[in-house]
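Chemist: Structure below; questions to follow.
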Amino acid sequence: MILKRLELSGFKSFAQKTELNFKFPVTAIVGPNGSGKSNIAESFRFVLGEQSFKSMRGKRGEDMIFSGSSKARRSNFAEICLVFDNSNRRFSGIDFDDVRIGRVVHRDGENNYYINGSKARLKDVIELLSAVHIGASAHHIISQGETDRILNAKPLERKSMVEEALGLKVYQYKRKESEKKLLKTEDNLKEVKSLRRELAPRIEFLKEQVRKVERARVIEEDLVLKYREFLRREYVYISNMRRRLEAEKEEPEIRLREVDEEIGRLKEEVLRDETADRKNSKIFELEESQRGIEERRGEVLREIGRMEGEIHFHKNRLRYLEESREVEPSVAWSEVSFFMNSMEEDLTRTREESSLEEIRQTLESLRGRIKEFLDSFGGESLDRKNEREKIGADLQRLEAEREEKRQMIEGLKKEAEDFSDKRKALQEEVAKDRSVSRQAERKMFECMNEQQRLRSLLEKVRERISQLERVDAVFKYEIQEAARIVGSFILDYKDYEVKTEDGRTLSEGDITDEPREGQEGRRKEIERLKIRLEELSVGSRKEIMDEYEEVSERDEFLANEVADLERSIESLRQVIAELEETIENRFQEGLSKINTVFQEFFADMFGGGSASLKKVPIKIGRRSLSEEDEIEDEDEEESESVEGLEISVSLPRKNVKGLLMLSGGERALVSVALIFAMSQVNPPPFLILDETDAALDEANSRKYGAMVERLAEHSQLILITHNRETMAIAGMLHGVTMDSGGISKLLSVRLGKEETLQ
Ligand code: ATP
């Protein structure tokens with residue numbers, strides 16, 4: 001016997017604490033209608049974890065609690081405790097002689113389970129009980145009117161009842177749990193896959209970015225090498241070239257300074273030409289003065305000539321007068337010829353005179369002489385004497401004047417010579433000045449050529465220096481740019497050693513002498529790398545790498561999740577398949593056992609005939625497997641074929657095949673036979689039959705009693721009954737009454753001996 005005791009408190013009509021002992025294999029609960037007998041059967045369901053309040057004639061937990069009456073206050077909670085015997089340790093894992101399962105429900109809906117006083121989950125309770133084949137709504141509590149239920153049930157529902165009787169519910173529960181788990185896992189899988197899908201474009205994008213970053217790194221490394229060589233070369237080139245150009249400039253600069261000085265000096269020498277010019281004008285003045293003296297001398301000479309003519313004339317006249325003192329005055333031819341000749345001479349000279357004044361004087365003197373000549377032919381001797389004396393005096397005067405003029409001539413000659421000497425001296429000076437100036441000019445021309453040459457040379461060098469400065473400015477900009485692009489470490493370029501292909505370190509001279517095309521080529525290469533780097537620019541590399549790492553870790557995590565979930569799904573499917581197989585096998589086995597016992601009981605009750613449960617195909621809605629969706633229309637597209645169970649009976653001696661054709665009592669007998677058969681296949685530890693005998697007549701009640709006794713061989717029985725035949729087989733009676741306050745009371749009677757327990 002498994003059941004020991006039931007303790008009720010505040011449950012439905014059992015307001016007070018009530019204890020029912022089950023010390024016998026068969027216990028009957030008796031009492032008038034409405035006294036609370038069925039409430040006891042329901043309290044079993046309740047404490048065993050029944051979730052359907054409907055099956056306990058209620059709507060919610062509160063309906064299970066004593067609701068009070070005019071005489072008694074309502075209870076705040078209902079508490080049931082069912083005590084099982086565990087002296088043979090049938091409940092594995094519990095090392096006590098008693099196993100107490102408790103359930104308490106409060107008005108506020110709080111609901112708790114207890115196993116031996118400790119709070120437990122419903123799951124724990126169900127597991128503990130199902131291990132000993134006890135369940136809340138199982139076949140072992142057959143409520144009032146439930147006997148009919150198996151007959152009235154639809155095939156699918158009936159099958160479910162059979163399954164429950166066969167103890168398959170625990171597998172079905174497990175299967176359902178697994179299916180739920182499977183659905184949940186599939187949902188999770190979908191979710192994780194969708195997360196992965198969501199992540200995929202980001203990963204793809206980041207992968208591309210990472211590839212870019214890696215490519216950029218390679219290019220950058222190359223760029224660093226190129227920059228180092230380029231910058232080092234440029235640095236060496238600029239510093240060496242600067243030195244070289246400075247040196248190149250030095251000598252021409254010194255030379256230019258010298259040439260400049262030389263030119264300054266030469267300029268002064270060239271100026272001597274101007275001195276010569278001044279001297280020239282002086283010479284001209286001297287020449288002028290000399291010419292004046294010469295003219296004067298000419299004049300004096302002519303005067304002397306004229307005087308000499310006069311002197312000559314006077315001398316001839318005087319001689320004539322001396323010779324012709326006794327002679328009649330006559331005119332000798334020779335005198336006339338002489339006179340004519342001297343006239344002619346004077347006239348000839350006059351023709352050469354230039355000045356009008358001189359011509360006039362000559363003409364005047366000619367007129368005087370002509371008068372004198374003519375006068376000489378008619379004079380008297382005294383006259384001649386006077387004439388001689390006068391001529392003598394004139395001659396003296398003339399000769400004195402002539403002498404004076406001659407001396408004048410001498411003086412003039414001297415003067416002219418002085419001027420000439422001075423002029424010559426000046427002319428010599430001029431010639432010298434001119435020569436010095438010309439030489440200086442020539443020299444200066446050379447110097448200026450030299451100056452020009454040096455200037456243009458220096459200009460060229462300066463141009464090259466300023467060109468170099470421009471190169472240097474660009475270089476400085478390039479250094480900054482390099483530091484910005486590849487990092488400031490590049491500033492160590494000065495220490496970089498440029499090597500040839502065969503590993504030889506290039507000298508500074510070699511670097512400087514390299515044609516500039518070399519550096520231009522390197523610069524172009526650097527530009528090209530910079531452009532490629534720019535094309536690959538992706539923002540912050542660290543952020544990308546970090547994000548990529550983070551996102552790919554997440555993706556990996558999700559991929560593992562997917563794999564785990566897929567494995568779980570696989571194993572759940574396997575579990576479900578195994579459970580289905582177990583359910584199916586056990587069902588087949590159980591069904592045939594039920595049919596055997598059903599047939600036996602049926603034949604016993606009806607004295608022959610046959611009865612069995614038969615599988616029938618059922619179309620149900622695909623959406624749900626609940627019986628409400630059982631449909632008749634086979635054409636329904638959204639349907640699925642499942643199996644249900646039909647009761648097939650054949651009464652002896654009657655041609656009755658369908659249940660519908662049976663009488664009420666016959667129906668009751670069939671259902672009892674079936675229910676008993678079901679419970680016998682896998683006999684439950686206890687069985688509660690709530691007025692399953694209500695519809696039976698006396699004869700059938702006896703047959704029922706005999707069946708119940710057979711049931712009692714395997715199960716402890718609690719029979720709620722009004723039937724005396726049934727009561728007769730019980731070892732103990734619990735009489736239930738209801739007092740005027742609506743509270744159920746218990747009176748326990750051991751058969752033959754009355755015992756009040758409460
Ligand atoms: P019958 O022989 O007619 O089947 P019974 O003895 O099985 O009757 P029950 O159906 O067990 O009687 O008892 C029903 C009684 O319990 C009713 O009188 C009902 O008012 C009472 N009852 C049910 N629920 C509660 C509750 N929550 N509080 C108080 N009384 C309740």
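Order determines the names: the first chain of the structure tokens is A, the second B, and so forth; residues in each chain are numbered 1 upward, and ligands are numbered 1 upward as they are shown.
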Kindly compile the residues surrounding ligand 1 within 8 Å, counting only C-alpha atoms and all ligand atoms, and format them as JSON, numbers by chain.

Modeler: {"A": [11, 12, 13, 14, 15, 30, 31, 32, 33, 34, 35, 36, 37, 38, 39, 40, 41, 62, 63, 64, 65, 66, 67, 68, 69, 74, 144, 691, 721, 722, 736, 737, 738, 742, 743, 744]}

Chemist: Near Asp346 (chain A), counting only C-alpha atoms, which residues have an atom at most 8 Å away, once you skip same-chain residues fewer than 5 positions from it, shown as a short mmCIF file (atom, residue, chain, number, x, y, z; two decimals) with N, CA, C and O atoms, in the first residue's frame?

Modeler:
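Now in selection_18.cif:
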data_model
loop_
_atom_site.label_atom_id
_atom_site.label_comp_id
_atom_site.auth_asym_id
_atom_site.auth_seq_id
_atom_site.Cartn_x
_atom_site.Cartn_y
_atom_site.Cartn_z
N ARG A 306 109.74 149.55 -98.26
CA ARG A 306 109.36 150.86 -98.77
C ARG A 306 110.46 151.91 -98.43
O ARG A 306 110.87 152.69 -99.28
N THR A 362 100.51 154.06 -100.00
CA THR A 362 101.45 153.85 -101.11
C THR A 362 101.14 154.82 -102.25
O THR A 362 102.06 155.46 -102.84
N LEU A 366 103.35 157.75 -103.92
CA LEU A 366 103.65 157.78 -105.35
C LEU A 366 103.38 159.19 -105.90
O LEU A 366 104.19 159.73 -106.67
#

Chemist: Rank nothing, just name the residue among A:Ile101, A:Ala153, A:Leu398, A:Leu659 nearest to Lys315 (chain A), using only C-alpha atoms.

Modeler: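 Among A:Ile101, A:Ala153, A:Leu398, A:Leu659, it is A:Leu398 that comes nearest to Lys315 (chain A).
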
Chemist: Quick one: of A:Glu208, A:Glu268, A:Glu7, A:Glu110, who's nearest to Met545 (chain A), counting only C-alpha atoms?

Modeler: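 Of all the options, A:Glu208 lies closest to Met545 (chain A).
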
Chemist: Using backbone DSSP assignments, extract all alpha helix (DSSP H) residues from region 25-89 of chain A; output them as a ChimeraX atom specification.

Modeler: /A:37-47

Chemist: Determine the nearest neighbour of Lys267 (chain A) from the options A:Cys447, A:Leu662, A:Ala603, A:Ala431, counting only C-alpha atoms.

Modeler: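 For Lys267 (chain A), the nearest of the given residues is A:Cys447.
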
Chemist: Tell me which protein, DNA and RNA residues are within 12 Å of Asn152 (chain A), counting only C-alpha atoms, leaving out same-chain ones fewer than 6 positions away, and put them as a list in words.

Modeler: Gly145, Glu146, Arg158, Leu645, Glu646, Ile647, Leu659, Leu660, Arg667, Ala668, Val670 and Ser671 of chain A

Chemist: So that I can check the surroundings of Ile304 (chain A), please list as a list in words every protein, DNA and RNA residue that reaches within 12 Å of it, counting only C-alpha atoms and ignoring chain neighbours fewer than 5 positions away.

Modeler: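 The contact residues come out as Arg297, Gly298, Glu299, Gly309, Glu310, Ile311, His312, Leu398, Glu399, Ala400, Glu401, Arg402, Glu403, Glu404, Lys405, Arg406, Gln407, Met408 and Ile409 of chain A.
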
Chemist: Which residues of region 37-138 of chain A have any atom within 12 Å of an atom in region 17-21 of chain A when counting only C-alpha atoms, and what is the closest pair of atoms for each, with the distance in Å to one decimal? Order the rows by chain and rising number and write it as JSON lines.

Modeler:
{"residue": "A:Lys37", "atom": "CA", "partner": "A:Leu20", "partner_atom": "CA", "distance": 11.7}
{"residue": "A:Ile40", "atom": "CA", "partner": "A:Leu20", "partner_atom": "CA", "distance": 9.3}
{"residue": "A:Ala41", "atom": "CA", "partner": "A:Leu20", "partner_atom": "CA", "distance": 11.7}
{"residue": "A:Ser43", "atom": "CA", "partner": "A:Leu20", "partner_atom": "CA", "distance": 11.5}
{"residue": "A:Phe44", "atom": "CA", "partner": "A:Leu20", "partner_atom": "CA", "distance": 11.5}
{"residue": "A:Phe66", "atom": "CA", "partner": "A:Lys17", "partner_atom": "CA", "distance": 11.5}
{"residue": "A:Ser75", "atom": "CA", "partner": "A:Lys17", "partner_atom": "CA", "distance": 11.2}
{"residue": "A:Phe77", "atom": "CA", "partner": "A:Lys17", "partner_atom": "CA", "distance": 11.9}
{"residue": "A:Ala78", "atom": "CA", "partner": "A:Lys17", "partner_atom": "CA", "distance": 9.9}
{"residue": "A:Glu79", "atom": "CA", "partner": "A:Lys17", "partner_atom": "CA", "distance": 8.9}
{"residue": "A:Ile80", "atom": "CA", "partner": "A:Lys17", "partner_atom": "CA", "distance": 9.4}
{"residue": "A:Cys81", "atom": "CA", "partner": "A:Glu19", "partner_atom": "CA", "distance": 9.3}
{"residue": "A:Leu82", "atom": "CA", "partner": "A:Leu20", "partner_atom": "CA", "distance": 9.5}
{"residue": "A:Val83", "atom": "CA", "partner": "A:Asn21", "partner_atom": "CA", "distance": 9.4}
{"residue": "A:Phe84", "atom": "CA", "partner": "A:Asn21", "partner_atom": "CA", "distance": 10.9}
{"residue": "A:Asp85", "atom": "CA", "partner": "A:Asn21", "partner_atom": "CA", "distance": 11.8}

Chemist: I need the chosen residues saved as a short mmCIF file (atom, residue, chain, number, x, y, z; two decimals), in the first residue's frame, with N, CA, C and O atoms.

Modeler:
data_model
loop_
_atom_site.label_atom_id
_atom_site.label_comp_id
_atom_site.auth_asym_id
_atom_site.auth_seq_id
_atom_site.Cartn_x
_atom_site.Cartn_y
_atom_site.Cartn_z
N LYS A 37 -17.46 14.70 -0.92
CA LYS A 37 -16.68 13.50 -1.25
C LYS A 37 -15.78 13.76 -2.47
O LYS A 37 -14.59 13.41 -2.46
N ILE A 40 -12.65 15.52 -2.04
CA ILE A 40 -11.49 14.71 -1.60
C ILE A 40 -10.73 14.19 -2.83
O ILE A 40 -9.50 14.30 -2.91
N ALA A 41 -11.52 13.66 -3.80
CA ALA A 41 -10.86 13.18 -5.03
C ALA A 41 -10.08 14.32 -5.70
O ALA A 41 -8.94 14.14 -6.16
N SER A 43 -8.89 16.90 -4.21
CA SER A 43 -7.71 17.30 -3.43
C SER A 43 -6.51 16.44 -3.81
O SER A 43 -5.37 16.90 -3.78
N PHE A 44 -6.78 15.17 -4.22
CA PHE A 44 -5.69 14.31 -4.71
C PHE A 44 -5.07 14.90 -5.98
O PHE A 44 -3.87 15.01 -6.12
N PHE A 66 -11.32 27.39 0.81
CA PHE A 66 -12.64 27.50 1.46
C PHE A 66 -13.14 28.93 1.39
O PHE A 66 -12.46 29.86 1.85
N SER A 75 -11.14 30.86 4.37
CA SER A 75 -9.72 30.59 4.65
C SER A 75 -8.86 31.45 3.74
O SER A 75 -9.29 31.85 2.65
N PHE A 77 -5.82 30.39 2.74
CA PHE A 77 -5.08 29.48 1.85
C PHE A 77 -5.62 28.07 2.00
O PHE A 77 -6.31 27.77 2.98
N ALA A 78 -5.31 27.29 1.01
CA ALA A 78 -5.68 25.88 1.09
C ALA A 78 -4.40 25.07 1.11
O ALA A 78 -3.47 25.38 0.35
N GLU A 79 -4.35 24.07 1.97
CA GLU A 79 -3.14 23.26 2.04
C GLU A 79 -3.52 21.79 2.04
O GLU A 79 -4.39 21.36 2.78
N ILE A 80 -2.83 21.08 1.17
CA ILE A 80 -3.08 19.63 1.09
C ILE A 80 -1.75 18.93 1.31
O ILE A 80 -0.72 19.39 0.78
N CYS A 81 -1.78 17.85 1.98
CA CYS A 81 -0.55 17.07 2.10
C CYS A 81 -0.91 15.59 1.95
O CYS A 81 -1.82 15.09 2.62
N LEU A 82 -0.21 14.95 1.04
CA LEU A 82 -0.46 13.53 0.80
C LEU A 82 0.78 12.77 1.26
O LEU A 82 1.89 13.07 0.83
N VAL A 83 0.52 11.82 2.14
CA VAL A 83 1.66 11.09 2.71
C VAL A 83 1.73 9.70 2.09
O VAL A 83 0.75 8.96 2.11
N PHE A 84 2.91 9.41 1.48
CA PHE A 84 3.12 8.10 0.86
C PHE A 84 4.03 7.26 1.75
O PHE A 84 4.89 7.81 2.46
N ASP A 85 3.82 6.00 1.63
CA ASP A 85 4.70 5.08 2.38
C ASP A 85 5.97 4.85 1.57
O ASP A 85 5.92 4.51 0.40
#
